[in-house]
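Please read the structure below before turning to the comments.
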Amino acid sequence: MPEQSAGGDCGPLSLLEKAARVMNAFSSTEARLTLTEVVERSGVPRSSAHRILDQLQGLRWLEREGRGYRLGMGVLELGALASHHHRLRRAALPHLHELHETTGHLVHLAVLDDAEVVHVERIGGAADTAVPSRVGGRQPAYCTASGKAILAFSDDAVVEQVVRRGLRPRTPRTICRPEALRAELATARSRGVAYDHEEAYRGVSCVAVPLRGSGRAIAAISLSGNGAHRELDRLAPAVVDCARTVWRSLFGPGRRTVRPHRPAQVPHLGPAMSPAAMTNTLAWMRDSEWM
C-alpha cells in the first residue's frame, strides 16, 4: 500500500515529501542515526530511505559516519546563510524605508547568489511598476547596479564565474563583452558606487552602493531612477549614507564603513566554494566574527 501524505487522503507521498520526512528524522537530540532508525522515524520505506540518504549525502546535507548518518555542513551553511539574511534585512529595513521616503524612488537590498542577485527587500510605491521586481526575485548580476556593486568587491574567481555563465543582452545598453564588464567593475571599485544605465530594463537606471567594511561586499543597496545620469549622480550620496548607516547598525561605530571614492584591496581568502553566495557569506561571517 503506498504511503499517504499528511492528512491521509491526499495520495501517495511525493519524493520531496519523503526527503523532508527523512531530514525531519534528524530533528531530535541524537546526532547520529542508522538507516533502520531513519526508516522507523520517517515512515519512509527502507529502499526509498536508502536512496534519499545517499542523495542527501551527495548534496552535503548529510554525512556518513560508519553505519550511521548525521547532519552535514551543507545544512549548517544554509542555516547560517538564512540567519545572516534575516539579520541583514532586520538591520537595514528602517534605513531602506527612510531612503525611499527621502528620495521617492524604488529601493532594493540585494545579495549575490552564484551569477545572480537576489532581492532580500524591496521598498517602493504604487508608481514603481517599471521594475518588475519582488522580494526573493532574481536578476543577472552583470547588468544590475547591485550586482556590479557586489562583484566589484568580490574575488576574481567569482567575477569569472559570472562571465563564464554568459553576458546575454537584456537591452541595447547591456554590457556583453567581458573586458567591458571588468573595466566597469574596476570603475565601481574605485568610486565605491556602481551604475546600471538601462542595462536590465529599458527606461530604468539604478545606482548601488556595496554594503561592506574593508573587505568583500556582503550585499548592496540600490536606488532606481528615471534614466537621467545627473539624477543618479545626485542621488548617489544618499545611497552611500544609507549603506554606512546600515553597516553601523550591523556592527556598531567601531567597524570601518564604506568609503565611496577610495579603491579597496580585496584580500584573497582561498578557493571559492560553490555556490558563490554561500562562500562570500561564510567568509564574511568568519572575518567579522558576528556569530
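Ligands are numbered from 1 in the order shown, residues from 1 within each chain, and chains are lettered A, B, ... in the order they appear in the C-alpha cells.
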Cut-off 10 Å: closest range 124-222 of chain A/range 227-243 of chain A atom pairs per residue, using only C-alpha atoms, as JSON lines:
```
{"residue": "A:Gly192", "atom": "CA", "partner": "A:Val240", "partner_atom": "CA", "distance": 8.5}
{"residue": "A:Val193", "atom": "CA", "partner": "A:Ala236", "partner_atom": "CA", "distance": 7.5}
{"residue": "A:Ala194", "atom": "CA", "partner": "A:Ala236", "partner_atom": "CA", "distance": 9.3}
{"residue": "A:Tyr195", "atom": "CA", "partner": "A:Leu232", "partner_atom": "CA", "distance": 8.2}
{"residue": "A:Asp196", "atom": "CA", "partner": "A:Gly227", "partner_atom": "CA", "distance": 9.0}
{"residue": "A:His197", "atom": "CA", "partner": "A:Gly227", "partner_atom": "CA", "distance": 6.5}
{"residue": "A:Glu198", "atom": "CA", "partner": "A:Gly227", "partner_atom": "CA", "distance": 6.7}
{"residue": "A:Arg202", "atom": "CA", "partner": "A:Gly227", "partner_atom": "CA", "distance": 8.8}
{"residue": "A:Gly203", "atom": "CA", "partner": "A:Gly227", "partner_atom": "CA", "distance": 5.7}
{"residue": "A:Val204", "atom": "CA", "partner": "A:Gly227", "partner_atom": "CA", "distance": 5.3}
{"residue": "A:Ser205", "atom": "CA", "partner": "A:Gly227", "partner_atom": "CA", "distance": 4.6}
{"residue": "A:Cys206", "atom": "CA", "partner": "A:Leu232", "partner_atom": "CA", "distance": 7.0}
{"residue": "A:Val207", "atom": "CA", "partner": "A:Leu232", "partner_atom": "CA", "distance": 6.2}
{"residue": "A:Ala208", "atom": "CA", "partner": "A:Val239", "partner_atom": "CA", "distance": 7.0}
{"residue": "A:Val209", "atom": "CA", "partner": "A:Val240", "partner_atom": "CA", "distance": 6.0}
{"residue": "A:Pro210", "atom": "CA", "partner": "A:Ala243", "partner_atom": "CA", "distance": 7.2}
{"residue": "A:Leu211", "atom": "CA", "partner": "A:Ala243", "partner_atom": "CA", "distance": 5.7}
{"residue": "A:Arg212", "atom": "CA", "partner": "A:Ala243", "partner_atom": "CA", "distance": 8.2}
{"residue": "A:Ala219", "atom": "CA", "partner": "A:Ala243", "partner_atom": "CA", "distance": 9.6}
{"residue": "A:Ala220", "atom": "CA", "partner": "A:Ala243", "partner_atom": "CA", "distance": 7.9}
{"residue": "A:Ile221", "atom": "CA", "partner": "A:Ala243", "partner_atom": "CA", "distance": 6.6}
{"residue": "A:Ser222", "atom": "CA", "partner": "A:Val239", "partner_atom": "CA", "distance": 7.0}
```
Let's have the selection written as a short mmCIF file (atom, residue, chain, number, x, y, z; two decimals), in the first residue's frame, with all heavy atoms.
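Output contents, as saved in result32.cif:
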```
data_model
loop_
_atom_site.label_atom_id
_atom_site.label_comp_id
_atom_site.auth_asym_id
_atom_site.auth_seq_id
_atom_site.Cartn_x
_atom_site.Cartn_y
_atom_site.Cartn_z
N GLY A 192 33.41 53.31 -5.47
CA GLY A 192 32.59 52.80 -4.39
C GLY A 192 31.11 52.85 -4.73
O GLY A 192 30.26 52.60 -3.87
N VAL A 193 30.78 53.15 -5.98
CA VAL A 193 29.40 53.27 -6.44
C VAL A 193 29.30 52.62 -7.81
O VAL A 193 30.18 52.79 -8.66
CB VAL A 193 28.97 54.75 -6.54
CG1 VAL A 193 27.58 54.87 -7.13
CG2 VAL A 193 29.02 55.42 -5.17
N ALA A 194 28.22 51.86 -8.04
CA ALA A 194 28.01 51.20 -9.33
C ALA A 194 26.72 51.71 -9.96
O ALA A 194 25.77 52.09 -9.26
CB ALA A 194 27.94 49.69 -9.15
N TYR A 195 26.69 51.70 -11.30
CA TYR A 195 25.53 52.19 -12.03
C TYR A 195 25.01 51.14 -13.01
O TYR A 195 25.76 50.29 -13.49
CB TYR A 195 25.89 53.46 -12.81
CG TYR A 195 26.19 54.66 -11.94
CD1 TYR A 195 27.49 54.95 -11.54
CD2 TYR A 195 25.17 55.51 -11.53
CE1 TYR A 195 27.78 56.05 -10.75
CE2 TYR A 195 25.44 56.62 -10.74
CZ TYR A 195 26.74 56.88 -10.35
OH TYR A 195 27.01 57.97 -9.56
N ASP A 196 23.75 51.26 -13.29
CA ASP A 196 23.08 50.47 -14.34
C ASP A 196 22.29 51.47 -15.18
O ASP A 196 21.27 52.00 -14.73
CB ASP A 196 22.18 49.42 -13.70
CG ASP A 196 21.00 49.00 -14.58
OD1 ASP A 196 21.07 49.22 -15.81
OD2 ASP A 196 20.02 48.48 -14.04
N HIS A 197 22.80 51.77 -16.36
CA HIS A 197 22.15 52.73 -17.24
C HIS A 197 21.28 52.00 -18.27
O HIS A 197 21.71 51.70 -19.37
CB HIS A 197 23.21 53.59 -17.95
CG HIS A 197 24.01 54.45 -17.01
ND1 HIS A 197 23.44 55.42 -16.22
CD2 HIS A 197 25.33 54.47 -16.72
CE1 HIS A 197 24.37 56.01 -15.50
NE2 HIS A 197 25.53 55.45 -15.78
N GLU A 198 20.08 51.64 -17.84
CA GLU A 198 19.11 50.95 -18.69
C GLU A 198 19.68 49.64 -19.24
O GLU A 198 19.41 49.25 -20.37
CB GLU A 198 18.66 51.84 -19.84
CG GLU A 198 18.00 53.13 -19.40
CD GLU A 198 17.46 53.94 -20.56
OE1 GLU A 198 16.68 53.38 -21.36
OE2 GLU A 198 17.81 55.13 -20.67
N ARG A 202 14.63 48.69 -20.09
CA ARG A 202 14.56 49.94 -20.85
C ARG A 202 13.93 51.04 -19.99
O ARG A 202 12.91 50.82 -19.34
CB ARG A 202 13.74 49.76 -22.12
CG ARG A 202 14.39 48.91 -23.20
CD ARG A 202 13.43 48.76 -24.37
NE ARG A 202 13.97 47.93 -25.43
CZ ARG A 202 14.64 48.40 -26.48
NH1 ARG A 202 14.84 49.71 -26.59
NH2 ARG A 202 15.08 47.59 -27.42
N GLY A 203 14.56 52.21 -20.00
CA GLY A 203 14.00 53.36 -19.30
C GLY A 203 14.24 53.37 -17.81
O GLY A 203 13.79 54.28 -17.11
N VAL A 204 14.94 52.38 -17.27
CA VAL A 204 15.20 52.30 -15.84
C VAL A 204 16.70 52.26 -15.59
O VAL A 204 17.40 51.39 -16.13
CB VAL A 204 14.54 51.06 -15.21
CG1 VAL A 204 14.87 50.98 -13.72
CG2 VAL A 204 13.05 51.07 -15.43
N SER A 205 17.18 53.19 -14.79
CA SER A 205 18.59 53.20 -14.39
C SER A 205 18.67 53.12 -12.88
O SER A 205 17.73 53.51 -12.17
CB SER A 205 19.29 54.47 -14.89
OG SER A 205 19.38 54.47 -16.29
N CYS A 206 19.79 52.62 -12.39
CA CYS A 206 19.96 52.42 -10.95
C CYS A 206 21.36 52.84 -10.53
O CYS A 206 22.30 52.80 -11.32
CB CYS A 206 19.74 50.96 -10.57
SG CYS A 206 18.12 50.30 -10.94
N VAL A 207 21.46 53.20 -9.26
CA VAL A 207 22.74 53.43 -8.61
C VAL A 207 22.78 52.55 -7.38
O VAL A 207 21.77 52.40 -6.68
CB VAL A 207 22.95 54.92 -8.25
CG1 VAL A 207 21.82 55.43 -7.37
CG2 VAL A 207 24.30 55.14 -7.57
N ALA A 208 23.91 51.91 -7.13
CA ALA A 208 24.02 50.99 -5.99
C ALA A 208 25.34 51.19 -5.27
O ALA A 208 26.35 51.56 -5.88
CB ALA A 208 23.89 49.54 -6.46
N VAL A 209 25.30 50.91 -3.98
CA VAL A 209 26.49 51.01 -3.13
C VAL A 209 26.67 49.69 -2.41
O VAL A 209 25.70 49.13 -1.88
CB VAL A 209 26.32 52.15 -2.10
CG1 VAL A 209 27.49 52.18 -1.12
CG2 VAL A 209 26.20 53.50 -2.81
N PRO A 210 27.88 49.14 -2.40
CA PRO A 210 28.10 47.87 -1.70
C PRO A 210 28.01 48.06 -0.19
O PRO A 210 28.40 49.10 0.34
CB PRO A 210 29.52 47.47 -2.12
CG PRO A 210 30.19 48.77 -2.43
CD PRO A 210 29.12 49.64 -3.01
N LEU A 211 27.51 47.05 0.47
CA LEU A 211 27.48 47.04 1.93
C LEU A 211 28.72 46.27 2.39
O LEU A 211 28.80 45.06 2.24
CB LEU A 211 26.20 46.36 2.41
CG LEU A 211 25.81 46.53 3.88
CD1 LEU A 211 25.63 48.00 4.21
CD2 LEU A 211 24.54 45.76 4.18
N ARG A 212 29.69 47.00 2.92
CA ARG A 212 30.98 46.39 3.23
C ARG A 212 31.75 47.27 4.20
O ARG A 212 31.42 48.44 4.42
CB ARG A 212 31.82 46.21 1.95
CG ARG A 212 32.09 47.50 1.20
CD ARG A 212 32.91 47.29 -0.05
NE ARG A 212 34.28 46.94 0.25
CZ ARG A 212 35.24 47.84 0.44
NH1 ARG A 212 34.98 49.14 0.37
NH2 ARG A 212 36.46 47.46 0.70
N ALA A 219 26.46 42.62 0.55
CA ALA A 219 25.17 42.94 -0.05
C ALA A 219 25.33 44.28 -0.76
O ALA A 219 26.43 44.85 -0.81
CB ALA A 219 24.08 43.01 1.02
N ALA A 220 24.24 44.78 -1.31
CA ALA A 220 24.24 46.10 -1.93
C ALA A 220 22.87 46.73 -1.76
O ALA A 220 21.85 46.05 -1.72
CB ALA A 220 24.59 46.00 -3.42
N ILE A 221 22.88 48.05 -1.66
CA ILE A 221 21.65 48.84 -1.60
C ILE A 221 21.57 49.65 -2.88
O ILE A 221 22.54 50.31 -3.26
CB ILE A 221 21.65 49.76 -0.37
CG1 ILE A 221 21.65 48.92 0.91
CG2 ILE A 221 20.44 50.70 -0.40
CD1 ILE A 221 21.85 49.74 2.17
N SER A 222 20.43 49.59 -3.55
CA SER A 222 20.30 50.29 -4.83
C SER A 222 19.07 51.18 -4.83
O SER A 222 18.11 50.97 -4.07
CB SER A 222 20.21 49.31 -5.99
OG SER A 222 18.98 48.61 -5.97
#
```
Exercise. List every residue of range 118-243 of chain A that DSSP, applied to the backbone of this structure, assigns to strand (DSSP E), and report them as a PyMOL selection string.
Key: chain A and resi 118-123+138-140+194-201+204-211+219-225
Using only C-alpha atoms, determine which residues lie at most 10 Å from Arg64 in chain A, disregarding the query and same-chain residues fewer than 2 positions distant; provide the list as a ChimeraX atom specification. /A:32-34,53-54,57,60,62,66-72
Here CA of Leu15 in chain A and CA of Gly136 in chain A stand apart by 24.5 Å
Practice item. Find the residues around range 170-172 of chain A up to 8 Å (only C-alpha atoms counted), leave out those fewer than 2 positions away in its own chain, and share them as a PyMOL selection string. Key: chain A and resi 143+168+174+198-202
Could you state the separation of CA of Ala180 in chain A and CA of Gly225 in chain A in Å, given to one decimal place?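 Separation of CA of Ala180 in chain A and CA of Gly225 in chain A: 23.0 Å.
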- If you run DSSP on the backbone, which residues of range 15-238 of chain A are alpha helix (DSSP H), as an NGL selection string? :A and (15-24 or 35-42 or 46-58 or 73-103 or 145-151 or 156-165 or 178-191 or 229-238)
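Here CA of Glu40 in chain A and CA of Ile52 in chain A stand 14.7 Å from one another.
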> From the set A:Pro140, A:Gly104, A:Pro132, A:Gly213, which residue has the shortest atom-to-atom contact distance to Val117 in chain A, counting only C-alpha atoms?
Replying inline: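 Looking only at the distances to Val117 in chain A, the closest residue turns out to be A:Pro140.
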| field | Long-range neighbours of Arg164 in chain A as a PyMOL selection string, 12 Å cut-off, only C-alpha atoms, 5 positions minimum in chain | value | chain A and resi 114-115+142+157-159+176-178
Keeping N, CA and C atoms for every residue in the selection just given, could you write it to a file as a PDB file, in the first residue's frame?
```pdb
ATOM      1  N   ASP A 114      25.477  32.938  -6.696  1.00  0.00           N
ATOM      2  CA  ASP A 114      26.042  32.469  -7.956  1.00  0.00           C
ATOM      3  C   ASP A 114      26.230  33.649  -8.899  1.00  0.00           C
ATOM      4  N   ALA A 115      25.591  33.622 -10.058  1.00  0.00           N
ATOM      5  CA  ALA A 115      25.756  34.709 -11.025  1.00  0.00           C
ATOM      6  C   ALA A 115      24.572  35.675 -11.015  1.00  0.00           C
ATOM      7  N   TYR A 142      25.473  40.832 -13.762  1.00  0.00           N
ATOM      8  CA  TYR A 142      26.320  41.634 -14.640  1.00  0.00           C
ATOM      9  C   TYR A 142      25.632  42.866 -15.200  1.00  0.00           C
ATOM     10  N   ALA A 157      37.695  35.088  -8.969  1.00  0.00           N
ATOM     11  CA  ALA A 157      37.060  33.819  -9.355  1.00  0.00           C
ATOM     12  C   ALA A 157      35.551  33.962  -9.433  1.00  0.00           C
ATOM     13  N   VAL A 158      34.977  34.779  -8.566  1.00  0.00           N
ATOM     14  CA  VAL A 158      33.531  34.994  -8.582  1.00  0.00           C
ATOM     15  C   VAL A 158      33.132  35.742  -9.852  1.00  0.00           C
ATOM     16  N   VAL A 159      33.916  36.764 -10.199  1.00  0.00           N
ATOM     17  CA  VAL A 159      33.641  37.531 -11.417  1.00  0.00           C
ATOM     18  C   VAL A 159      33.757  36.637 -12.647  1.00  0.00           C
ATOM     19  N   CYS A 176      27.939  43.409 -22.677  1.00  0.00           N
ATOM     20  CA  CYS A 176      28.012  41.993 -23.070  1.00  0.00           C
ATOM     21  C   CYS A 176      29.429  41.501 -23.317  1.00  0.00           C
ATOM     22  N   ARG A 177      30.421  42.392 -23.272  1.00  0.00           N
ATOM     23  CA  ARG A 177      31.804  41.980 -23.507  1.00  0.00           C
ATOM     24  C   ARG A 177      32.526  41.847 -22.166  1.00  0.00           C
ATOM     25  N   PRO A 178      33.197  40.716 -21.914  1.00  0.00           N
ATOM     26  CA  PRO A 178      33.864  40.513 -20.636  1.00  0.00           C
ATOM     27  C   PRO A 178      34.837  41.625 -20.264  1.00  0.00           C
TER      28      PRO A 178
END
```
> For Val39 in chain A, which residue out of A:Ser133, A:Ala19, A:Gly58, A:Gly74 is the nearest one, using only C-alpha atoms?
Replying inline: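 Once distances to Val39 in chain A are computed over only C-alpha atoms, the minimum belongs to A:Ala19.
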